[in-house]
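**Q** Sharing a structure with you now.
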Amino acid sequence: MKILHVAPGGTTCGIATYTSNLIKYFPDNGDVSHDLLPLPPKSVLSGFSEKEMREWAKEIIDGCKGYDFIHLQNEFGLFQGPGDMPFALSIFYDILKGLISRKHKIAVTFHSEPMFLKAMGALNFENKKCARIWKKTAKLFTKKNNCIAILHSEISENIFKESGFKNTTIIIHGVLERSFDKRRQLKKSSDSVVLSLFGYISNYKGHEFALSILELLPPNFKLSIIGGRHPESSGEEIGRLLKLATEMGLIDRVLISGWVSPEEADFYQQNADICLAPYQTQELSASGAITWSLTSKKPVIASNVNAFRNINRDSQCMLLCHPYDRLEWIWAIKKVVENKDFSQRIIKNANKYCNKYSWTNTSLRHLKIYER
């Protein structure tokens with residue numbers, strides 16, 4: 001069986017890393033081969049005309065010729081090019097329709113939920129247009145078409161089913177298998193407590209909220225932001241955080257690493273005491289950054305949003321707090337620092353969760369879908 005994965009290439013975004021790990025951990029089976037058809041970066045596609053985007057979609061369809069199964073990774077902005085969100089959805093629809101017409105077996109992993117369905121005000125014409133195209137797209141996901149949607153949680157699956165998807169399944173976001181070099185330790189004062197955030201700096205991940213939490217904590221608490229701006233971003237994410245930290249009098253207690261290699265990320269995270277994930281969005285379906293934190297062998301405190309609540313239903317491996325309630329986060333941090341039994345319990349539960357949903361096991365779950 002020949003499998004083709006259609007996804008961003010390299011390691012410059014979460015979905016690219018997701019796909020890379022998925023392919024890496026498939027068993028070495030001579031009867032099954034895996035190839036990657038890399039999608040160009042958003043910055044490249046944004047330079048296309050709408051006509052060129054339509055031609056590019058045809059090239060994607062032609063590039064799938066000769067493969068038994070096509071697995072696409074989807075995040076709505078991947079197919080946007082120079083257009084708006086309705087245009088992105090129409091390009092994605094064209095690709096699916098073309099693959100189905102050529103009798104390919106198809107799976108699409110959706111990494112985010114259709115948030116435009118929740119913003120359907122009377123004057124919101126763009127979201128209404130999105131909803132019309134989404135309704136057409138949903139009708140493609142049937143067993144008859146050999147087209148299945150892969151979602152990361154039961155909550156996400158229910159949203160997709162309610163919007164018309166007939167053929168769906170759940171595969172939990174895979175977890176990286178890693179170990180730390182215990183010889184690499186930072187020298188720090190005995191009473192310091194290092195809080196860490198991991199991943200690209202984005203508004204929805206709550207970095208500014210984390211600074212507001214740090215402001216209420218004693219001076220021995222530090223904040224380590226492990227990551228930098230997304231490679232496709234030209235924004236002022238880092239400068240804005242540094243300016244805010246300076247204005248709040250916290251600049252000497254904050255570290256921003258910028259982009260780091262996996263080895264450097266390991267180094268920073270193993271020298272942290274608590275991992276934070278103060279995400280400020282409910283539309284998240286899954287998060288590679290949270291799985292990275294769960295493998296850190298450090299207690300994790302995260303926002304009480306659907307994606308993280310779904311993980312906790314399975315394993316009770318995090319302490320969840322209201323996304324905007326600073327006092328609850330202070331209480332949670334204090335609990336984790338002072339209650340060692342509780343901290344060790346959620347760390348132990350996180351280890352079990354990570355073993356259960358390791359990329360090795362996750363890749364095997366995908367194989368079962370391909371072989372149906």
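The way I read the labels, and the way they are meant: chains A, B, ... in the order of the structure tokens, residue 1 as the first residue of every chain, and ligand 1 as the first ligand shown, with later ones counted on from there.
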Go through range 1-78 of chain A and flag each residue having an atom no more than 10 Å from range 97-108 of chain A; for those, report the closest pair of atoms plus their distance in Å to one decimal, using only C-alpha atoms, ordered by chain and rising number, as CSV.
**A**
residue,atom,partner,partner_atom,distance
A:Ile3,CA,A:Lys105,CA,9.8
A:Leu4,CA,A:Ile106,CA,9.7
A:His5,CA,A:Ala107,CA,9.6
A:Val6,CA,A:Val108,CA,9.4
A:Ala57,CA,A:Gly98,CA,9.0
A:Lys58,CA,A:Gly98,CA,7.9
A:Ile60,CA,A:Leu99,CA,9.2
A:Ile61,CA,A:Leu99,CA,6.0
A:Asp62,CA,A:Leu99,CA,8.8
A:Cys64,CA,A:Leu99,CA,7.9
A:Lys65,CA,A:Arg102,CA,8.6
A:Gly66,CA,A:His104,CA,9.3
A:Tyr67,CA,A:His104,CA,7.7
A:Asp68,CA,A:His104,CA,6.5
A:Phe69,CA,A:Lys105,CA,4.9
A:Ile70,CA,A:Ile106,CA,4.8
A:His71,CA,A:Ala107,CA,4.8
A:Leu72,CA,A:Val108,CA,4.7
A:Gln73,CA,A:Val108,CA,5.7
A:Asn74,CA,A:Val108,CA,6.6
**Q** Got time to write the residues from that selection, N, CA and C atoms, as a PDB file, in the first residue's frame?
**A**
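And here is the file that came out, again09.pdb:
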ATOM      1  N   ILE A   3       1.002   5.228   0.695  1.00  0.00           N
ATOM      2  CA  ILE A   3       0.304   6.302   1.399  1.00  0.00           C
ATOM      3  C   ILE A   3       0.984   7.620   1.056  1.00  0.00           C
ATOM      4  N   LEU A   4       0.183   8.647   0.727  1.00  0.00           N
ATOM      5  CA  LEU A   4       0.727   9.979   0.502  1.00  0.00           C
ATOM      6  C   LEU A   4       0.166  10.932   1.551  1.00  0.00           C
ATOM      7  N   HIS A   5       1.071  11.625   2.237  1.00  0.00           N
ATOM      8  CA  HIS A   5       0.685  12.605   3.247  1.00  0.00           C
ATOM      9  C   HIS A   5       0.815  14.000   2.643  1.00  0.00           C
ATOM     10  N   VAL A   6      -0.266  14.755   2.666  1.00  0.00           N
ATOM     11  CA  VAL A   6      -0.284  16.114   2.124  1.00  0.00           C
ATOM     12  C   VAL A   6      -0.346  17.074   3.304  1.00  0.00           C
ATOM     13  N   ALA A  57      -4.184  23.907  -6.926  1.00  0.00           N
ATOM     14  CA  ALA A  57      -5.052  22.851  -6.395  1.00  0.00           C
ATOM     15  C   ALA A  57      -5.093  21.660  -7.356  1.00  0.00           C
ATOM     16  N   LYS A  58      -5.122  21.938  -8.657  1.00  0.00           N
ATOM     17  CA  LYS A  58      -5.111  20.847  -9.648  1.00  0.00           C
ATOM     18  C   LYS A  58      -3.789  20.091  -9.599  1.00  0.00           C
ATOM     19  N   ILE A  60      -1.978  19.641  -6.926  1.00  0.00           N
ATOM     20  CA  ILE A  60      -2.057  18.782  -5.740  1.00  0.00           C
ATOM     21  C   ILE A  60      -2.794  17.496  -6.086  1.00  0.00           C
ATOM     22  N   ILE A  61      -3.909  17.623  -6.784  1.00  0.00           N
ATOM     23  CA  ILE A  61      -4.703  16.448  -7.170  1.00  0.00           C
ATOM     24  C   ILE A  61      -3.879  15.537  -8.079  1.00  0.00           C
ATOM     25  N   ASP A  62      -3.203  16.126  -9.072  1.00  0.00           N
ATOM     26  CA  ASP A  62      -2.370  15.321  -9.981  1.00  0.00           C
ATOM     27  C   ASP A  62      -1.220  14.659  -9.235  1.00  0.00           C
ATOM     28  N   CYS A  64      -1.223  13.316  -6.475  1.00  0.00           N
ATOM     29  CA  CYS A  64      -1.682  12.162  -5.702  1.00  0.00           C
ATOM     30  C   CYS A  64      -1.864  10.905  -6.561  1.00  0.00           C
ATOM     31  N   LYS A  65      -1.642  11.037  -7.855  1.00  0.00           N
ATOM     32  CA  LYS A  65      -1.822   9.903  -8.765  1.00  0.00           C
ATOM     33  C   LYS A  65      -0.906   8.743  -8.375  1.00  0.00           C
ATOM     34  N   GLY A  66      -1.452   7.534  -8.393  1.00  0.00           N
ATOM     35  CA  GLY A  66      -0.660   6.345  -8.122  1.00  0.00           C
ATOM     36  C   GLY A  66      -0.625   5.926  -6.663  1.00  0.00           C
ATOM     37  N   TYR A  67      -1.258   6.697  -5.788  1.00  0.00           N
ATOM     38  CA  TYR A  67      -1.270   6.361  -4.360  1.00  0.00           C
ATOM     39  C   TYR A  67      -2.601   5.718  -3.973  1.00  0.00           C
ATOM     40  N   ASP A  68      -2.508   4.771  -3.029  1.00  0.00           N
ATOM     41  CA  ASP A  68      -3.712   4.049  -2.597  1.00  0.00           C
ATOM     42  C   ASP A  68      -4.509   4.838  -1.573  1.00  0.00           C
ATOM     43  N   PHE A  69      -3.819   5.654  -0.781  1.00  0.00           N
ATOM     44  CA  PHE A  69      -4.501   6.386   0.279  1.00  0.00           C
ATOM     45  C   PHE A  69      -3.867   7.771   0.402  1.00  0.00           C
ATOM     46  N   ILE A  70      -4.720   8.793   0.502  1.00  0.00           N
ATOM     47  CA  ILE A  70      -4.257  10.163   0.648  1.00  0.00           C
ATOM     48  C   ILE A  70      -4.654  10.667   2.031  1.00  0.00           C
ATOM     49  N   HIS A  71      -3.682  11.142   2.793  1.00  0.00           N
ATOM     50  CA  HIS A  71      -3.955  11.682   4.124  1.00  0.00           C
ATOM     51  C   HIS A  71      -3.580  13.155   4.132  1.00  0.00           C
ATOM     52  N   LEU A  72      -4.596  14.024   4.241  1.00  0.00           N
ATOM     53  CA  LEU A  72      -4.370  15.468   4.282  1.00  0.00           C
ATOM     54  C   LEU A  72      -4.436  15.977   5.709  1.00  0.00           C
ATOM     55  N   GLN A  73      -3.553  16.918   6.032  1.00  0.00           N
ATOM     56  CA  GLN A  73      -3.617  17.632   7.305  1.00  0.00           C
ATOM     57  C   GLN A  73      -4.257  18.991   7.038  1.00  0.00           C
ATOM     58  N   ASN A  74      -5.257  19.356   7.851  1.00  0.00           N
ATOM     59  CA  ASN A  74      -5.993  20.589   7.579  1.00  0.00           C
ATOM     60  C   ASN A  74      -5.964  21.568   8.747  1.00  0.00           C
TER      61      ASN A  74
END
**Q** Please identify all polymer residues within 6 Å of range 228-234 of chain A, counting only C-alpha atoms, omitting same-chain residues fewer than 4 positions from it, and present them as number ranges by chain.
**A** A: 200-201, 258-259
**Q** Report as a ChimeraX atom specification: the residues of range 88-245 of chain A with a DSSP assignment of alpha helix (DSSP H), based on the backbone of this structure.
**A** /A:88-101,125-138,154-162,207-216,237-245
**Q** Can those selected residues be exported to a file as a compact mmCIF listing (two decimals), in the first residue's frame so that it contains C-alpha atoms?
**A**
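This is the output file again37.txt:
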# COMPACT_ATOMS: atom_id res chain seq x y z
CA ALA A 88 -9.51 28.98 1.41
CA LEU A 89 -12.46 26.69 2.05
CA SER A 90 -13.33 26.63 -1.65
CA ILE A 91 -9.76 25.60 -2.57
CA PHE A 92 -9.86 22.82 0.00
CA TYR A 93 -13.26 21.72 -1.34
CA ASP A 94 -11.89 21.62 -4.90
CA ILE A 95 -8.98 19.41 -3.82
CA LEU A 96 -11.24 16.98 -1.97
CA LYS A 97 -13.76 16.86 -4.79
CA GLY A 98 -11.00 16.17 -7.30
CA LEU A 99 -9.48 13.37 -5.23
CA ILE A 100 -12.87 11.74 -4.72
CA SER A 101 -13.60 11.90 -8.46
CA PHE A 125 -21.47 37.85 5.33
CA GLU A 126 -18.00 36.27 5.25
CA ASN A 127 -18.87 33.70 7.91
CA LYS A 128 -22.19 32.96 6.18
CA LYS A 129 -20.31 32.29 2.96
CA CYS A 130 -17.91 30.04 4.90
CA ALA A 131 -20.85 28.13 6.33
CA ARG A 132 -22.32 27.50 2.86
CA ILE A 133 -19.03 26.09 1.56
CA TRP A 134 -18.56 24.10 4.78
CA LYS A 135 -21.98 22.49 4.27
CA LYS A 136 -20.92 21.36 0.78
CA THR A 137 -17.61 20.07 2.14
CA ALA A 138 -19.33 18.12 4.92
CA GLU A 154 -15.16 13.71 21.18
CA ILE A 155 -16.13 17.38 21.51
CA SER A 156 -14.63 18.20 18.10
CA GLU A 157 -16.22 15.12 16.54
CA ASN A 158 -19.66 16.18 17.79
CA ILE A 159 -19.21 19.65 16.27
CA PHE A 160 -18.31 18.14 12.91
CA LYS A 161 -21.17 15.66 13.01
CA GLU A 162 -23.64 18.42 13.84
CA HIS A 207 1.74 34.95 27.15
CA GLU A 208 0.55 38.41 28.26
CA PHE A 209 -1.82 36.76 30.73
CA ALA A 210 1.16 34.82 32.11
CA LEU A 211 2.95 38.12 32.74
CA SER A 212 -0.09 39.36 34.65
CA ILE A 213 0.09 36.21 36.81
CA LEU A 214 3.81 36.71 37.43
CA GLU A 215 3.08 40.26 38.58
CA LEU A 216 1.09 38.87 41.54
CA GLU A 237 5.18 39.43 19.35
CA ILE A 238 8.56 39.40 21.11
CA GLY A 239 9.00 43.16 21.30
CA ARG A 240 5.48 43.60 22.64
CA LEU A 241 6.09 41.08 25.44
CA LEU A 242 9.44 42.66 26.35
CA LYS A 243 7.87 46.13 26.41
CA LEU A 244 5.03 44.91 28.61
CA ALA A 245 7.43 43.09 30.97
**Q** Could you name the residues that touch Arg313 in chain A at 12 Å or less, counting only C-alpha atoms, but leaving out those on the same chain fewer than 3 positions away, as a list in words?
**A**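 My list of contacting residues is Ser153, Glu154, Ile155, Asn304, Asn306, Ala307, Phe308, Arg309, Asn310, Gln316, Cys317, Met318, Leu319, Leu320, Asn349 and Tyr353 of chain A.
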**Q** Would you please extract all strand (DSSP E or B) residues from range 104-332 of chain A, as assigned by DSSP on the backbone, and give them as a PyMOL selection string?
**A** chain A and resi 105-110+112+147-151+168-170+175+193-198+201+221-226+229+254-256+274-277+284+300-303+319-321
**Q** Next, write the just-selected residues to a file, as a short mmCIF file (atom, residue, chain, number, x, y, z; two decimals), in the first residue's frame, keeping N, CA and C atoms as the atom set.
**A**
data_model
loop_
_atom_site.label_atom_id
_atom_site.label_comp_id
_atom_site.auth_asym_id
_atom_site.auth_seq_id
_atom_site.Cartn_x
_atom_site.Cartn_y
_atom_site.Cartn_z
N LYS A 105 -8.88 6.85 -1.79
CA LYS A 105 -9.31 6.75 -0.40
C LYS A 105 -8.63 7.90 0.36
N ILE A 106 -9.41 8.59 1.18
CA ILE A 106 -8.93 9.85 1.75
C ILE A 106 -9.22 9.92 3.25
N ALA A 107 -8.27 10.46 4.00
CA ALA A 107 -8.51 10.89 5.38
C ALA A 107 -8.03 12.32 5.52
N VAL A 108 -8.76 13.11 6.29
CA VAL A 108 -8.35 14.48 6.59
C VAL A 108 -8.32 14.64 8.10
N THR A 109 -7.15 15.02 8.63
CA THR A 109 -7.06 15.34 10.05
C THR A 109 -7.31 16.84 10.21
N PHE A 110 -8.35 17.18 10.97
CA PHE A 110 -8.68 18.59 11.22
C PHE A 110 -8.08 19.00 12.57
N SER A 112 -8.26 22.14 13.83
CA SER A 112 -9.03 23.22 14.47
C SER A 112 -10.50 23.06 14.10
N CYS A 147 -14.09 8.77 2.25
CA CYS A 147 -13.51 10.02 2.76
C CYS A 147 -13.88 10.14 4.24
N ILE A 148 -12.87 10.15 5.12
CA ILE A 148 -13.12 10.15 6.56
C ILE A 148 -12.42 11.34 7.22
N ALA A 149 -13.09 11.94 8.17
CA ALA A 149 -12.52 13.04 8.95
C ALA A 149 -11.96 12.50 10.26
N ILE A 150 -10.70 12.84 10.55
CA ILE A 150 -10.07 12.45 11.81
C ILE A 150 -10.08 13.66 12.73
N LEU A 151 -10.67 13.51 13.91
CA LEU A 151 -10.73 14.58 14.90
C LEU A 151 -9.95 14.15 16.14
N THR A 168 -16.67 9.96 10.43
CA THR A 168 -15.66 10.57 11.30
C THR A 168 -15.07 9.51 12.24
N THR A 169 -13.91 9.83 12.78
CA THR A 169 -13.32 9.00 13.82
C THR A 169 -12.44 9.89 14.70
N ILE A 170 -12.06 9.38 15.85
CA ILE A 170 -11.23 10.14 16.79
C ILE A 170 -9.87 9.48 16.92
N VAL A 175 1.86 11.90 21.18
CA VAL A 175 2.78 12.47 22.18
C VAL A 175 4.20 12.02 21.86
N VAL A 193 11.46 29.69 41.71
CA VAL A 193 10.48 28.83 41.07
C VAL A 193 10.33 29.31 39.63
N VAL A 194 10.66 28.44 38.68
CA VAL A 194 10.63 28.82 37.27
C VAL A 194 9.36 28.26 36.62
N LEU A 195 8.54 29.16 36.11
CA LEU A 195 7.35 28.80 35.34
C LEU A 195 7.72 28.84 33.86
N SER A 196 7.22 27.90 33.06
CA SER A 196 7.59 27.88 31.65
C SER A 196 6.36 27.81 30.75
N LEU A 197 6.46 28.48 29.59
CA LEU A 197 5.49 28.34 28.51
C LEU A 197 6.26 27.85 27.30
N PHE A 198 5.72 26.85 26.61
CA PHE A 198 6.41 26.28 25.46
C PHE A 198 5.60 26.50 24.19
N ILE A 201 5.02 31.99 19.97
CA ILE A 201 4.29 33.06 20.64
C ILE A 201 3.12 33.49 19.77
N PHE A 221 9.74 34.05 41.86
CA PHE A 221 9.12 33.36 40.73
C PHE A 221 9.60 33.99 39.42
N LYS A 222 10.01 33.14 38.49
CA LYS A 222 10.50 33.58 37.18
C LYS A 222 9.61 32.97 36.09
N LEU A 223 9.67 33.57 34.90
CA LEU A 223 8.91 33.07 33.76
C LEU A 223 9.84 32.82 32.59
N SER A 224 9.84 31.57 32.10
CA SER A 224 10.67 31.18 30.96
C SER A 224 9.76 30.91 29.76
N ILE A 225 9.86 31.75 28.74
CA ILE A 225 9.05 31.58 27.52
C ILE A 225 9.93 30.88 26.50
N ILE A 226 9.63 29.60 26.26
CA ILE A 226 10.47 28.76 25.41
C ILE A 226 9.88 28.77 24.00
N ARG A 229 8.58 33.88 17.71
CA ARG A 229 7.46 34.10 16.81
C ARG A 229 7.39 32.99 15.78
N VAL A 254 11.97 37.59 33.52
CA VAL A 254 11.42 36.97 32.32
C VAL A 254 12.53 36.62 31.34
N LEU A 255 12.48 35.39 30.82
CA LEU A 255 13.39 34.95 29.77
C LEU A 255 12.56 34.58 28.54
N ILE A 256 12.92 35.12 27.38
CA ILE A 256 12.34 34.69 26.11
C ILE A 256 13.46 34.07 25.30
N ILE A 274 7.45 24.32 36.83
CA ILE A 274 6.04 24.15 36.50
C ILE A 274 5.84 24.57 35.05
N CYS A 275 5.05 23.81 34.30
CA CYS A 275 4.70 24.18 32.93
C CYS A 275 3.31 24.81 32.91
N LEU A 276 3.18 25.94 32.23
CA LEU A 276 1.91 26.64 32.11
C LEU A 276 1.41 26.58 30.67
N ALA A 277 0.09 26.54 30.51
CA ALA A 277 -0.54 26.63 29.19
C ALA A 277 -1.81 27.47 29.35
N LEU A 284 -9.71 25.55 20.05
CA LEU A 284 -8.59 24.62 19.89
C LEU A 284 -9.09 23.18 19.91
N VAL A 300 1.82 20.31 35.26
CA VAL A 300 1.28 21.19 34.21
C VAL A 300 0.00 21.86 34.72
N ILE A 301 -0.06 23.18 34.57
CA ILE A 301 -1.27 23.94 34.87
C ILE A 301 -1.74 24.56 33.55
N ALA A 302 -3.00 24.35 33.19
CA ALA A 302 -3.49 24.77 31.88
C ALA A 302 -4.87 25.39 31.99
N SER A 303 -5.27 26.07 30.94
CA SER A 303 -6.60 26.68 30.90
C SER A 303 -7.68 25.60 30.81
N LEU A 319 -3.66 20.41 36.19
CA LEU A 319 -4.54 21.22 37.01
C LEU A 319 -5.09 22.31 36.10
N LEU A 320 -6.41 22.37 35.93
CA LEU A 320 -7.04 23.30 34.99
C LEU A 320 -7.61 24.51 35.72
N CYS A 321 -7.43 25.69 35.13
CA CYS A 321 -7.91 26.95 35.71
C CYS A 321 -8.70 27.73 34.68
#
**Q** Rank A:Leu36, A:Ile171, A:Leu294, A:Met1 by their smallest atom-to-atom distance to Leu364 in chain A, using only C-alpha atoms, and report the top residue only.
**A**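 Comparing A:Leu36, A:Ile171, A:Leu294, A:Met1 against Leu364 in chain A, the winner is A:Ile171.
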